[in-house]
>>> print(open('work_31.cif').read())   # mmCIF, C-alpha atoms
data_structure
loop_
_atom_site.label_atom_id
_atom_site.label_comp_id
_atom_site.auth_asym_id
_atom_site.auth_seq_id
_atom_site.Cartn_x
_atom_site.Cartn_y
_atom_site.Cartn_z
CA MET F 1 18.03 -16.57 -68.09
CA ASN F 2 20.70 -19.27 -67.79
CA LYS F 3 21.63 -20.24 -71.37
CA ILE F 4 22.80 -23.87 -71.51
CA VAL F 5 23.98 -25.52 -74.71
CA ILE F 6 24.15 -29.31 -74.93
CA VAL F 7 26.26 -30.80 -77.73
CA GLY F 8 25.05 -34.35 -78.36
CA ALA F 9 21.68 -35.84 -77.51
CA ASN F 10 22.03 -39.54 -76.96
CA HIS F 11 21.89 -41.11 -73.46
CA ALA F 12 24.03 -38.58 -71.58
CA GLY F 13 22.76 -35.52 -73.42
CA THR F 14 19.12 -36.58 -73.16
CA ALA F 15 19.49 -37.23 -69.43
CA ALA F 16 21.05 -33.80 -68.97
CA ALA F 17 18.33 -32.05 -70.98
CA ASN F 18 15.49 -33.80 -69.14
CA THR F 19 17.06 -33.00 -65.76
CA ILE F 20 17.59 -29.33 -66.54
CA MET F 21 14.13 -28.78 -67.99
CA GLY F 22 12.48 -30.69 -65.16
CA ASN F 23 14.19 -28.73 -62.40
CA TYR F 24 15.35 -25.32 -63.62
CA LYS F 25 12.65 -23.16 -65.15
CA ASP F 26 15.05 -20.24 -65.64
CA ALA F 27 17.22 -22.27 -68.00
CA LYS F 28 17.10 -21.95 -71.77
CA VAL F 29 18.33 -25.21 -73.27
CA THR F 30 19.64 -25.46 -76.83
CA ILE F 31 20.66 -28.85 -78.19
CA PHE F 32 22.82 -29.64 -81.22
CA ASP F 33 23.18 -33.18 -82.53
CA ALA F 34 24.79 -34.37 -85.76
CA ASN F 35 22.56 -37.45 -86.01
CA SER F 36 18.97 -37.76 -87.23
CA ASN F 37 17.73 -39.62 -84.13
CA ILE F 38 17.97 -39.44 -80.35
CA SER F 39 18.36 -42.05 -77.59
CA PHE F 40 19.14 -45.19 -79.62
CA LEU F 41 19.87 -48.06 -77.22
CA GLY F 42 22.90 -49.59 -78.88
CA CYS F 43 22.94 -52.34 -76.26
CA GLY F 44 19.82 -53.74 -77.96
CA MET F 45 21.33 -53.65 -81.44
CA ALA F 46 22.34 -57.33 -81.43
CA LEU F 47 18.81 -58.32 -80.37
CA TRP F 48 17.46 -56.44 -83.38
CA ILE F 49 20.02 -57.89 -85.79
CA GLY F 50 19.43 -61.40 -84.40
CA GLU F 51 15.64 -61.01 -84.73
CA GLN F 52 15.10 -61.57 -81.01
CA ILE F 53 12.93 -58.45 -81.02
CA ALA F 54 10.39 -57.40 -83.65
CA GLY F 55 12.12 -54.19 -84.70
CA ALA F 56 14.06 -51.11 -83.63
CA GLU F 57 11.11 -49.03 -82.43
CA GLY F 58 11.49 -50.02 -78.78
CA LEU F 59 15.18 -49.11 -78.80
CA PHE F 60 14.29 -45.40 -78.70
CA TYR F 61 12.92 -43.70 -75.58
CA SER F 62 13.08 -40.04 -76.62
CA ASN F 63 13.00 -37.84 -79.69
CA LYS F 64 13.19 -34.26 -80.89
CA GLU F 65 9.48 -33.68 -80.29
CA LYS F 66 9.60 -34.86 -76.67
CA LEU F 67 12.50 -32.57 -75.84
CA GLU F 68 10.90 -29.62 -77.62
CA ALA F 69 7.66 -30.22 -75.73
CA GLN F 70 9.60 -29.57 -72.52
CA GLY F 71 10.92 -26.29 -73.87
CA ALA F 72 14.26 -27.13 -75.49
CA VAL F 73 15.41 -25.80 -78.84
CA VAL F 74 16.63 -28.90 -80.69
CA HIS F 75 18.76 -28.86 -83.84
CA MET F 76 19.09 -32.33 -85.41
CA GLU F 77 21.52 -33.16 -88.23
CA ALA F 78 23.32 -30.03 -87.11
CA PRO F 79 26.99 -30.74 -86.45
CA VAL F 80 28.89 -28.31 -84.24
CA GLU F 81 31.93 -27.19 -86.22
CA SER F 82 33.82 -25.46 -83.42
CA ILE F 83 33.48 -23.88 -79.98
CA ASP F 84 35.11 -20.66 -78.79
CA PHE F 85 35.51 -21.48 -75.10
CA ASP F 86 36.85 -17.98 -74.32
CA LYS F 87 33.96 -16.09 -75.90
CA LYS F 88 31.44 -18.86 -75.04
CA ILE F 89 30.10 -19.26 -78.58
CA VAL F 90 29.13 -22.43 -80.44
CA TYR F 91 29.45 -22.50 -84.24
CA ALA F 92 27.21 -25.05 -85.97
CA THR F 93 25.84 -25.92 -89.39
CA LEU F 94 22.10 -26.51 -89.52
CA LYS F 95 20.32 -29.12 -91.61
CA ASP F 96 19.40 -26.54 -94.27
CA GLY F 97 23.07 -25.65 -94.69
CA SER F 98 22.91 -22.34 -92.87
CA ASN F 99 25.43 -21.44 -90.20
CA VAL F 100 24.50 -20.43 -86.68
CA GLU F 101 26.35 -18.89 -83.74
CA GLU F 102 24.90 -19.75 -80.32
CA SER F 103 26.19 -18.08 -77.16
CA TYR F 104 26.02 -19.86 -73.81
CA ASP F 105 26.52 -19.41 -70.10
CA LYS F 106 27.19 -23.13 -69.53
CA ILE F 107 27.94 -25.83 -72.08
CA ILE F 108 27.65 -29.61 -71.72
CA LEU F 109 29.67 -31.76 -74.12
CA ALA F 110 27.97 -35.10 -74.75
CA THR F 111 29.70 -36.02 -77.99
CA GLY F 112 30.04 -39.72 -77.17
CA SER F 113 32.52 -42.10 -78.74
CA MET F 114 33.54 -43.32 -82.17
CA PRO F 115 34.29 -46.87 -83.38
CA ILE F 116 37.96 -47.75 -83.57
CA ILE F 117 38.74 -48.70 -87.18
CA PRO F 118 42.21 -50.24 -87.53
CA ASP F 119 44.43 -49.12 -90.38
CA ILE F 120 44.51 -52.44 -92.23
CA PRO F 121 44.43 -53.09 -96.01
CA GLY F 122 40.92 -53.70 -97.28
CA ARG F 123 39.02 -51.86 -94.58
CA ASP F 124 37.21 -49.81 -97.25
CA LEU F 125 35.83 -52.84 -99.10
CA GLU F 126 32.08 -53.26 -99.34
CA ASN F 127 30.43 -55.20 -96.50
CA VAL F 128 33.06 -54.19 -93.98
CA GLN F 129 30.71 -52.84 -91.34
CA LYS F 130 30.86 -50.65 -88.24
CA VAL F 131 28.42 -51.09 -85.38
CA LYS F 132 27.59 -48.06 -83.27
CA LEU F 133 24.63 -46.07 -84.58
CA TYR F 134 21.10 -47.02 -85.59
CA GLN F 135 22.12 -46.48 -89.21
CA HIS F 136 24.96 -49.00 -88.87
CA ALA F 137 22.65 -51.71 -87.57
CA ASP F 138 20.00 -50.94 -90.17
CA GLU F 139 22.56 -51.23 -92.96
CA VAL F 140 23.69 -54.64 -91.68
CA ILE F 141 20.10 -55.88 -91.48
CA GLN F 142 19.27 -54.69 -94.99
CA LYS F 143 22.32 -56.47 -96.40
CA LEU F 144 21.39 -59.68 -94.59
CA LYS F 145 18.00 -59.47 -96.27
CA THR F 146 19.10 -58.58 -99.77
CA GLU F 147 22.56 -60.09 -100.31
CA ASP F 148 23.86 -63.67 -100.39
CA ILE F 149 25.78 -63.56 -97.13
CA LYS F 150 26.78 -66.93 -95.71
CA ASP F 151 30.06 -66.33 -93.89
CA VAL F 152 30.36 -63.54 -91.32
CA VAL F 153 33.54 -62.63 -89.46
CA VAL F 154 33.31 -60.53 -86.32
CA VAL F 155 36.57 -58.85 -85.28
CA GLY F 156 36.71 -58.10 -81.57
CA ALA F 157 35.45 -60.32 -78.75
CA GLY F 158 34.30 -57.74 -76.26
CA TYR F 159 30.64 -57.42 -75.31
CA ILE F 160 29.46 -56.13 -78.68
CA GLY F 161 31.47 -58.66 -80.67
CA VAL F 162 30.20 -61.62 -78.65
CA GLU F 163 26.60 -60.38 -78.88
CA LEU F 164 26.89 -59.92 -82.63
CA ALA F 165 28.41 -63.38 -83.08
CA GLU F 166 25.28 -64.81 -81.47
CA ALA F 167 23.02 -62.56 -83.57
CA PHE F 168 24.57 -63.67 -86.86
CA GLU F 169 24.52 -67.35 -85.86
CA ARG F 170 20.81 -67.00 -85.07
CA HIS F 171 20.47 -65.90 -88.71
CA GLY F 172 21.98 -69.23 -89.76
CA LYS F 173 25.29 -67.71 -90.82
CA ASN F 174 28.70 -69.34 -90.49
CA VAL F 175 30.30 -67.11 -87.86
CA THR F 176 33.97 -66.67 -86.98
CA LEU F 177 34.91 -64.52 -83.98
CA ILE F 178 38.46 -63.16 -84.04
CA ASP F 179 40.38 -61.40 -81.28
CA ILE F 180 44.03 -60.66 -80.67
CA ALA F 181 43.54 -61.71 -77.04
CA ASP F 182 43.44 -65.40 -76.22
CA THR F 183 39.92 -65.22 -74.86
CA CYS F 184 36.70 -63.19 -74.90
CA LEU F 185 35.50 -60.52 -72.44
CA PRO F 186 38.83 -60.28 -70.54
CA ALA F 187 38.13 -56.70 -69.45
CA TYR F 188 35.18 -57.87 -67.35
CA TYR F 189 35.91 -61.44 -66.24
CA ASP F 190 38.70 -63.69 -65.06
CA GLU F 191 39.68 -66.81 -66.96
CA GLU F 192 37.38 -69.08 -64.94
CA PHE F 193 34.43 -67.12 -66.34
CA THR F 194 35.69 -66.38 -69.84
CA GLU F 195 36.17 -70.12 -70.33
CA LEU F 196 32.44 -70.58 -69.67
CA MET F 197 31.61 -68.11 -72.42
CA LYS F 198 34.15 -69.59 -74.84
CA GLN F 199 32.59 -73.03 -74.41
CA ASN F 200 29.11 -71.55 -74.74
CA LEU F 201 30.03 -69.99 -78.09
CA LYS F 202 31.67 -73.20 -79.33
CA ASP F 203 28.64 -75.25 -78.32
CA HIS F 204 26.50 -73.08 -80.59
CA GLY F 205 28.73 -73.48 -83.63
CA ILE F 206 30.67 -70.24 -83.54
CA LYS F 207 34.28 -70.64 -84.68
CA LEU F 208 36.73 -68.96 -82.32
CA ALA F 209 40.00 -67.54 -83.64
CA PHE F 210 41.50 -66.09 -80.48
CA GLY F 211 45.10 -65.02 -80.15
CA GLU F 212 45.13 -63.94 -83.80
CA LYS F 213 45.95 -60.54 -85.29
CA VAL F 214 44.05 -59.38 -88.39
CA LEU F 215 46.53 -58.40 -91.09
CA GLU F 216 44.38 -57.80 -94.16
CA LEU F 217 40.87 -57.90 -95.60
CA LYS F 218 40.82 -59.28 -99.14
CA GLY F 219 38.32 -58.92 -101.98
CA ASP F 220 37.65 -57.19 -105.29
CA THR F 221 34.97 -54.63 -104.50
CA LYS F 222 33.36 -56.71 -101.72
CA VAL F 223 35.22 -58.36 -98.89
CA LYS F 224 35.86 -62.09 -99.40
CA GLU F 225 38.50 -63.09 -96.87
CA VAL F 226 40.02 -62.09 -93.55
CA VAL F 227 43.73 -62.81 -93.25
CA THR F 228 45.30 -63.11 -89.79
CA ASP F 229 48.81 -64.01 -88.67
CA LYS F 230 47.60 -67.59 -88.21
CA GLY F 231 45.00 -68.26 -90.90
CA THR F 232 42.57 -67.12 -93.58
CA TYR F 233 38.78 -67.04 -93.12
CA LYS F 234 36.00 -66.77 -95.69
CA ALA F 235 33.90 -63.64 -95.22
CA ASP F 236 30.92 -62.24 -97.09
CA MET F 237 30.63 -59.66 -94.31
CA VAL F 238 33.12 -58.42 -91.73
CA VAL F 239 32.01 -56.51 -88.65
CA LEU F 240 34.64 -54.47 -86.84
CA SER F 241 33.83 -54.30 -83.13
CA ILE F 242 37.27 -53.59 -81.77
CA GLY F 243 36.24 -50.85 -79.39
CA PHE F 244 35.54 -47.15 -79.15
CA ARG F 245 37.48 -43.95 -78.61
CA PRO F 246 36.19 -40.71 -77.11
CA ASN F 247 34.91 -38.18 -79.62
CA ASN F 248 37.01 -35.22 -78.46
CA GLU F 249 37.36 -33.21 -81.67
CA LEU F 250 35.67 -30.07 -80.36
CA GLY F 251 37.76 -29.64 -77.22
CA LYS F 252 40.98 -31.62 -77.67
CA ASP F 253 43.09 -28.47 -78.15
CA LYS F 254 41.71 -26.58 -75.15
CA LEU F 255 40.55 -29.06 -72.50
CA GLU F 256 42.64 -31.36 -70.33
CA LEU F 257 42.59 -34.90 -71.77
CA PHE F 258 42.89 -38.36 -70.22
CA ARG F 259 45.47 -40.81 -71.59
CA ASN F 260 42.94 -42.14 -74.14
CA GLY F 261 41.77 -38.68 -75.20
CA ALA F 262 38.67 -38.39 -73.01
CA TYR F 263 37.91 -35.05 -71.38
CA VAL F 264 39.11 -35.08 -67.78
CA VAL F 265 36.29 -34.03 -65.46
CA ASN F 266 35.90 -33.61 -61.70
CA LYS F 267 33.09 -35.11 -59.65
CA ASN F 268 30.83 -32.24 -60.77
CA GLN F 269 31.46 -33.32 -64.41
CA GLU F 270 33.25 -30.01 -65.00
CA THR F 271 36.26 -29.99 -67.33
CA SER F 272 39.48 -28.02 -66.93
CA ILE F 273 37.62 -24.90 -68.13
CA LYS F 274 34.96 -23.36 -65.90
CA ASP F 275 31.35 -23.68 -67.09
CA VAL F 276 32.33 -26.43 -69.55
CA TYR F 277 31.00 -29.86 -68.59
CA ALA F 278 31.57 -33.22 -70.27
CA ILE F 279 29.43 -36.33 -69.87
CA GLY F 280 29.03 -39.84 -71.22
CA ASP F 281 31.55 -41.61 -73.44
CA CYS F 282 33.58 -38.48 -74.18
CA ALA F 283 34.46 -37.96 -70.50
CA THR F 284 36.27 -39.68 -67.67
CA VAL F 285 34.62 -41.14 -64.57
CA TYR F 286 35.75 -41.56 -60.98
CA ASP F 287 36.29 -45.29 -60.52
CA ASN F 288 35.67 -46.35 -56.92
CA SER F 289 37.33 -49.73 -57.41
CA ILE F 290 40.72 -48.04 -57.99
CA GLN F 291 39.85 -44.75 -56.24
CA ASP F 292 41.08 -42.77 -59.22
CA THR F 293 40.04 -41.27 -62.54
CA ASN F 294 39.31 -43.83 -65.25
CA TYR F 295 37.45 -44.30 -68.55
CA ILE F 296 34.45 -46.67 -68.53
CA ALA F 297 32.05 -46.22 -71.44
CA LEU F 298 28.65 -47.57 -70.37
CA ALA F 299 25.15 -46.20 -70.96
CA THR F 300 24.38 -46.30 -67.23
CA ASN F 301 27.43 -44.16 -66.48
CA ALA F 302 26.38 -41.78 -69.26
CA VAL F 303 22.93 -41.22 -67.79
CA ARG F 304 24.23 -40.60 -64.27
CA SER F 305 26.90 -38.21 -65.52
CA GLY F 306 24.24 -36.31 -67.45
CA ILE F 307 22.13 -35.88 -64.32
CA VAL F 308 25.12 -34.65 -62.28
CA ALA F 309 26.24 -32.16 -64.95
CA ALA F 310 22.70 -30.89 -65.40
CA HIS F 311 22.28 -29.98 -61.75
CA ASN F 312 25.65 -28.26 -61.61
CA ALA F 313 24.96 -26.33 -64.82
CA GLY F 314 21.53 -25.46 -63.45
CA GLY F 315 22.97 -24.01 -60.24
CA THR F 316 22.83 -26.88 -57.72
CA ALA F 317 26.18 -28.27 -56.58
CA LEU F 318 26.14 -32.06 -56.89
CA GLU F 319 28.97 -34.57 -56.89
CA SER F 320 29.05 -37.94 -58.60
CA ALA F 321 29.21 -40.92 -56.27
CA GLY F 322 31.65 -42.54 -58.67
CA VAL F 323 31.19 -45.78 -60.59
CA GLN F 324 32.21 -49.41 -60.41
CA GLY F 325 31.72 -50.31 -64.09
CA SER F 326 28.82 -52.67 -63.35
CA ASN F 327 27.87 -54.63 -66.45
CA GLY F 328 26.25 -57.80 -67.75
CA ILE F 329 25.74 -60.00 -70.79
CA CYS F 330 23.38 -62.81 -71.82
CA ILE F 331 24.44 -65.13 -74.66
CA TYR F 332 22.34 -68.21 -75.48
CA ASP F 333 20.87 -67.90 -71.97
CA LEU F 334 24.26 -67.89 -70.23
CA LYS F 335 24.06 -64.83 -68.01
CA MET F 336 27.23 -63.20 -66.72
CA VAL F 337 27.48 -60.04 -64.63
CA SER F 338 30.41 -58.24 -63.04
CA THR F 339 31.42 -55.09 -61.25
CA GLY F 340 34.69 -53.54 -60.14
CA LEU F 341 38.04 -55.25 -60.70
CA THR F 342 38.81 -58.75 -61.85
CA LEU F 343 41.57 -60.54 -59.96
CA ALA F 344 43.84 -60.28 -63.00
CA LYS F 345 43.21 -56.53 -63.31
CA ALA F 346 43.77 -55.92 -59.60
CA LYS F 347 47.11 -57.72 -59.72
CA SER F 348 48.14 -55.85 -62.87
CA LEU F 349 47.57 -52.62 -60.93
CA GLY F 350 49.91 -53.82 -58.19
CA ILE F 351 47.15 -54.53 -55.69
CA ASP F 352 47.77 -57.46 -53.32
CA ALA F 353 44.39 -59.02 -54.09
CA LEU F 354 42.75 -62.37 -53.40
CA ALA F 355 39.60 -64.02 -54.74
CA THR F 356 37.07 -66.29 -53.09
CA ASP F 357 34.98 -68.54 -55.34
CA TYR F 358 31.86 -70.60 -54.79
CA ASP F 359 29.59 -72.75 -56.95
CA ASP F 360 26.16 -73.83 -55.74
CA LEU F 361 22.54 -74.28 -56.69
CA GLN F 362 20.38 -71.19 -56.60
CA LYS F 363 17.73 -72.90 -54.43
CA PRO F 364 17.71 -75.85 -51.98
CA GLU F 365 18.18 -79.34 -53.41
CA PHE F 366 14.62 -80.35 -52.54
CA ILE F 367 13.16 -77.78 -54.95
CA GLU F 368 11.66 -79.76 -57.85
CA SER F 369 11.38 -76.92 -60.37
CA GLU F 370 14.28 -75.68 -62.50
CA ASN F 371 17.20 -75.01 -60.19
CA PRO F 372 20.40 -73.94 -62.00
CA SER F 373 23.79 -73.59 -60.39
CA VAL F 374 25.49 -70.22 -59.92
CA LYS F 375 29.20 -69.46 -60.04
CA ILE F 376 30.49 -66.49 -58.05
CA ARG F 377 33.87 -64.86 -57.47
CA ILE F 378 34.51 -62.01 -55.04
CA VAL F 379 37.80 -60.10 -55.38
CA TYR F 380 39.13 -58.31 -52.30
CA ASP F 381 42.24 -56.55 -51.00
CA LYS F 382 44.32 -58.97 -48.94
CA ASN F 383 45.46 -56.27 -46.52
CA THR F 384 42.44 -54.00 -46.06
CA ARG F 385 39.90 -56.79 -46.77
CA VAL F 386 37.87 -54.27 -48.80
CA ILE F 387 35.83 -55.74 -51.68
CA LEU F 388 37.22 -54.73 -55.07
CA GLY F 389 35.03 -56.65 -57.52
CA ALA F 390 32.62 -59.50 -58.15
CA GLN F 391 31.64 -61.81 -61.02
CA MET F 392 28.64 -64.12 -61.33
CA ALA F 393 27.52 -66.61 -63.99
CA SER F 394 24.47 -68.84 -64.40
CA THR F 395 21.57 -69.69 -66.67
CA TYR F 396 19.46 -68.42 -63.74
CA ASP F 397 18.81 -64.68 -63.65
CA MET F 398 20.89 -63.77 -60.60
CA SER F 399 21.77 -60.36 -62.06
CA MET F 400 20.22 -58.26 -59.28
CA GLY F 401 22.84 -59.63 -56.90
CA ILE F 402 25.57 -57.61 -58.60
CA HIS F 403 23.95 -54.37 -57.42
CA MET F 404 24.86 -55.24 -53.82
CA PHE F 405 28.48 -55.71 -54.82
CA SER F 406 28.49 -52.43 -56.70
CA LEU F 407 27.34 -50.65 -53.55
CA ALA F 408 29.83 -52.65 -51.46
CA ILE F 409 32.72 -51.39 -53.59
CA GLN F 410 31.41 -47.82 -53.49
CA GLU F 411 31.10 -47.91 -49.69
CA LYS F 412 34.34 -49.87 -49.11
CA VAL F 413 32.65 -52.83 -47.42
CA THR F 414 35.02 -55.58 -46.26
CA ILE F 415 34.66 -59.24 -47.19
CA ASP F 416 34.26 -60.05 -43.48
CA LYS F 417 31.36 -57.62 -43.07
CA LEU F 418 29.69 -59.10 -46.15
CA ALA F 419 29.94 -62.57 -44.61
CA LEU F 420 27.67 -61.46 -41.75
CA THR F 421 25.31 -59.30 -43.81
CA ASP F 422 21.61 -60.02 -43.29
CA ILE F 423 20.57 -61.81 -46.50
CA PHE F 424 17.06 -63.26 -46.44
CA PHE F 425 16.22 -66.89 -47.09
CA LEU F 426 13.15 -68.53 -48.60
CA PRO F 427 13.30 -71.82 -50.55
CA HIS F 428 11.41 -70.25 -53.46
CA PHE F 429 14.37 -67.91 -53.96
CA ASN F 430 17.63 -69.19 -52.46
CA LYS F 431 19.42 -71.41 -49.95
CA PRO F 432 19.87 -70.59 -46.25
CA TYR F 433 23.63 -70.69 -46.73
CA ASN F 434 23.56 -69.05 -50.15
CA TYR F 435 26.50 -68.72 -52.52
CA ILE F 436 27.10 -65.05 -51.66
CA THR F 437 27.41 -65.75 -47.94
CA MET F 438 29.40 -68.92 -48.52
CA ALA F 439 31.87 -67.21 -50.82
CA ALA F 440 32.41 -64.49 -48.21
CA ILE F 441 32.74 -66.98 -45.34
CA SER F 442 35.23 -69.01 -47.38
CA ALA F 443 37.55 -66.03 -47.94
CA LYS F 444 41.10 -66.51 -46.63
#
>>> encode(input="work_31.cif", output="structure tokens")
Amino acid sequence: MNKIVIVGANHAGTAAANTIMGNYKDAKVTIFDANSNISFLGCGMALWIGEQIAGAEGLFYSNKEKLEAQGAVVHMEAPVESIDFDKKIVYATLKDGSNVEESYDKIILATGSMPIIPDIPGRDLENVQKVKLYQHADEVIQKLKTEDIKDVVVVGAGYIGVELAEAFERHGKNVTLIDIADTCLPAYYDEEFTELMKQNLKDHGIKLAFGEKVLELKGDTKVKEVVTDKGTYKADMVVLSIGFRPNNELGKDKLELFRNGAYVVNKNQETSIKDVYAIGDCATVYDNSIQDTNYIALATNAVRSGIVAAHNAGGTALESAGVQGSNGICIYDLKMVSTGLTLAKAKSLGIDALATDYDDLQKPEFIESENPSVKIRIVYDKNTRVILGAQMASTYDMSMGIHMFSLAIQEKVTIDKLALTDIFFLPHFNKPYNYITMAAISAK
């Protein structure tokens, strides 16, 4: 019997458990999770808060009962207190308060990430909210229903912050979005694209306070104001969406750590200690766009890392293909997707990179139905010509196109090879000389 313990049962941990139990009948799987629920899709949290979906039920795809039906032993609301990696023993506290010691042959750490909460005065005031777990979103929704909240300030203009700004505005709130950077979404898009999103947010009444540092949150018992180095903003609720850090408490003193504290893993998802695997937001990934170890916290990466770790823990050697950080966002119907490196990021890494841009209609001009324009940028290495990244934006759903660029980065396809790639044409779908081909042909 191969005894495998999984610590954490959200996306990565659930994927690992399902893979092990579906493929390795000799494995005994024991799961510990500190939360009361499994598999919450945090990427749908803003849709729930903004009442774009009926409720949270559809944001869960697994639970304790489903995992137990496959043969796992599942302990919910059972935090792991410590792990003896030498003796291979997990020490946990169960829901009833009792302590348990669980031995293992292999262990998979899927402890995820924690919200970054800056050390600023007033952060403990009422209605200063975090957004990560189901419970966080539910608390926000209940307060919107029961309290007189008119002014909402969102701190942090990454994906979650921008999505929440839209959600609160859809509630009819006065929304201010603050970020220390001078734009939104800079980790995923170059300025030509972030400007589109900035204008989109402004057009829908969201006040942007970019290039401002939050100094203090003011109030008596409840928050009333947000003070930055450039202004003061009324706030009945403040949501901190500054980012996340790896939850490395259980292994930080024994396992090799990345510069941000994530567990360093190889392509088998194994840490610096044999038989100890780490997956999801608590672990590093191999980033094909830079051909090196990196940290990219995305649910898709979490699921794939869980599958890879599961097979290796189960006895089948399997390497990750690496990731490109493919991602997307849709705000007030403006859809933006990207993968790999932006031009700005590539240059900051010392890569001699170029970008080729193109704007065109999705379909031929003679099409009489809705026919939005699409903006595309392809980033490539000037010397090797290898594609490093891509960005696309439109009100048209062109999102599937980014998958091709993700594969292109993974397989080191050149911009010149892309220009001659067989891409089909039919007026119902696209133009004969479509924007992907034209961007590639136009490359210097």
>>> closest_residue(input="work_31.cif", among="F:Tyr380, F:Phe193, F:Phe40, F:Tyr286", to="Ser338 of chain F", atoms="only C-alpha atoms")
F:Phe193
>>> residues_around(input="work_31.cif", residues="Ile279 of chain F", least_positions_apart="2", cutoff="7 Å", atoms="all atoms listed in the file", output="PyMOL selection string")
chain F and resi 12+109-110+269+277+281-283+302+305-306
>>> closest_residue(input="work_31.cif", among="F:Lys412, F:Lys198, F:Lys25, F:His403", to="Gln291 of chain F", atoms="only C-alpha atoms")
F:Lys412
>>> atom_distance(input="work_31.cif", atom1="atom CA of Ile242 of chain F", atom2="atom CA of Ala157 of chain F")
7.6 Å
>>> residues_around(input="work_31.cif", residues="Met197 of chain F", least_positions_apart="3", cutoff="9 Å", atoms="only C-alpha atoms", output="ChimeraX atom specification")
/F:184-185,193-194,200-202,331,334,336
>>> closest_residue(input="work_31.cif", among="F:Gly205, F:Asp397, F:Ser39, F:Gln391", to="Gly58 of chain F", atoms="all atoms listed in the file")
F:Ser39
>>> atom_distance(input="work_31.cif", atom1="atom CA of Tyr134 of chain F", atom2="atom CA of Val264 of chain F")
28.0 Å
>>> closest_residue(input="work_31.cif", among="F:Glu365, F:Asp229, F:Asp357, F:Asp287", to="Ser326 of chain F", atoms="only C-alpha atoms")
F:Asp287
>>> residues_near_point(input="work_31.cif", point="(37.1, -46.5, -66.1)", cutoff="7 Å", atoms="all atoms listed in the file", output="list of chain:residue names")
F:Val285, F:Asp287, F:Thr293, F:Asn294, F:Tyr295, F:Ile296, F:Gly325
>>> resolve_selection(input="work_31.cif", expression="the PyMOL selection byres ((chain F and resi 271) around 12)", output="PyMOL selection string")
chain F and resi 85+106-109+251-252+254-258+262-270+272-279+282-285+309
>>> atom_distance(input="work_31.cif", atom1="atom CA of Val374 of chain F", atom2="atom CA of Tyr435 of chain F")
7.6 Å
>>> residues_around(input="work_31.cif", residues="Ile441 of chain F", least_positions_apart="5", cutoff="9 Å", atoms="all atoms listed in the file", output="MDAnalysis selection string")
chainID F and resid 356 415:416 418:420 436
>>> write_last_selection(input="work_31.cif", atoms="C-alpha atoms", output="compact mmCIF listing (two decimals), in the coordinates of the input")
# COMPACT_ATOMS: atom_id res chain seq x y z
CA THR F 356 37.07 -66.29 -53.09
CA ILE F 415 34.66 -59.24 -47.19
CA ASP F 416 34.26 -60.05 -43.48
CA LEU F 418 29.69 -59.10 -46.15
CA ALA F 419 29.94 -62.57 -44.61
CA LEU F 420 27.67 -61.46 -41.75
CA ILE F 436 27.10 -65.05 -51.66
>>> resolve_selection(input="work_31.cif", expression="the PyMOL selection byres ((chain F and resi 327) around 12)", output="PyMOL selection string")
chain F and resi 43+159+185+187-189+296-301+323-326+328-330+335-341+389-392+399-403+405-406
>>> closest_residue(input="work_31.cif", among="F:Gly122, F:Gly50, F:Gly44, F:Pro427", to="Val140 of chain F", atoms="all atoms listed in the file")
F:Gly50
>>> resolve_selection(input="work_31.cif", expression="the PyMOL selection byres ((chain F and resi 16-23) around 8)", output="list of chain:residue names")
F:Ile6, F:Ala12, F:Gly13, F:Thr14, F:Ala15, F:Tyr24, F:Lys25, F:Ala27, F:Val29, F:Leu67, F:Gln70, F:Gly71, F:Ala72, F:Val303, F:Gly306, F:Ile307, F:Val308, F:Ala309, F:Ala310, F:His311, F:Gly314
>>> closest_residue(input="work_31.cif", among="F:Ser36, F:Gln129, F:Asn430, F:Gln362", to="Pro79 of chain F", atoms="all atoms listed in the file")
F:Ser36
>>> residues_near_point(input="work_31.cif", point="(18.2, -56.3, -83.6)", cutoff="10 Å", atoms="all atoms listed in the file", output="tab-separated table (two decimals) with C-alpha atoms, in the frame of the given file")
chain	number	residue	atom	x	y	z
F	42	GLY	CA	22.90	-49.59	-78.88
F	43	CYS	CA	22.94	-52.34	-76.26
F	44	GLY	CA	19.82	-53.74	-77.96
F	45	MET	CA	21.33	-53.65	-81.44
F	46	ALA	CA	22.34	-57.33	-81.43
F	47	LEU	CA	18.81	-58.32	-80.37
F	48	TRP	CA	17.46	-56.44	-83.38
F	49	ILE	CA	20.02	-57.89	-85.79
F	50	GLY	CA	19.43	-61.40	-84.40
F	51	GLU	CA	15.64	-61.01	-84.73
F	52	GLN	CA	15.10	-61.57	-81.01
F	53	ILE	CA	12.93	-58.45	-81.02
F	54	ALA	CA	10.39	-57.40	-83.65
F	55	GLY	CA	12.12	-54.19	-84.70
F	56	ALA	CA	14.06	-51.11	-83.63
F	59	LEU	CA	15.18	-49.11	-78.80
F	134	TYR	CA	21.10	-47.02	-85.59
F	137	ALA	CA	22.65	-51.71	-87.57
F	138	ASP	CA	20.00	-50.94	-90.17
F	140	VAL	CA	23.69	-54.64	-91.68
F	141	ILE	CA	20.10	-55.88	-91.48
F	164	LEU	CA	26.89	-59.92	-82.63
F	167	ALA	CA	23.02	-62.56	-83.57
>>> residues_around(input="work_31.cif", residues="segment 367-369 of chain F", least_positions_apart="3", cutoff="8 Å", atoms="only C-alpha atoms", output="PDB file with C-alpha atoms, in the coordinates of the input")
ATOM      1  CA  LYS F 363      17.730 -72.900 -54.430  1.00  0.00           C
ATOM      2  CA  PRO F 364      17.710 -75.850 -51.980  1.00  0.00           C
ATOM      3  CA  PRO F 427      13.300 -71.820 -50.550  1.00  0.00           C
ATOM      4  CA  HIS F 428      11.410 -70.250 -53.460  1.00  0.00           C
TER       5      HIS F 428
END
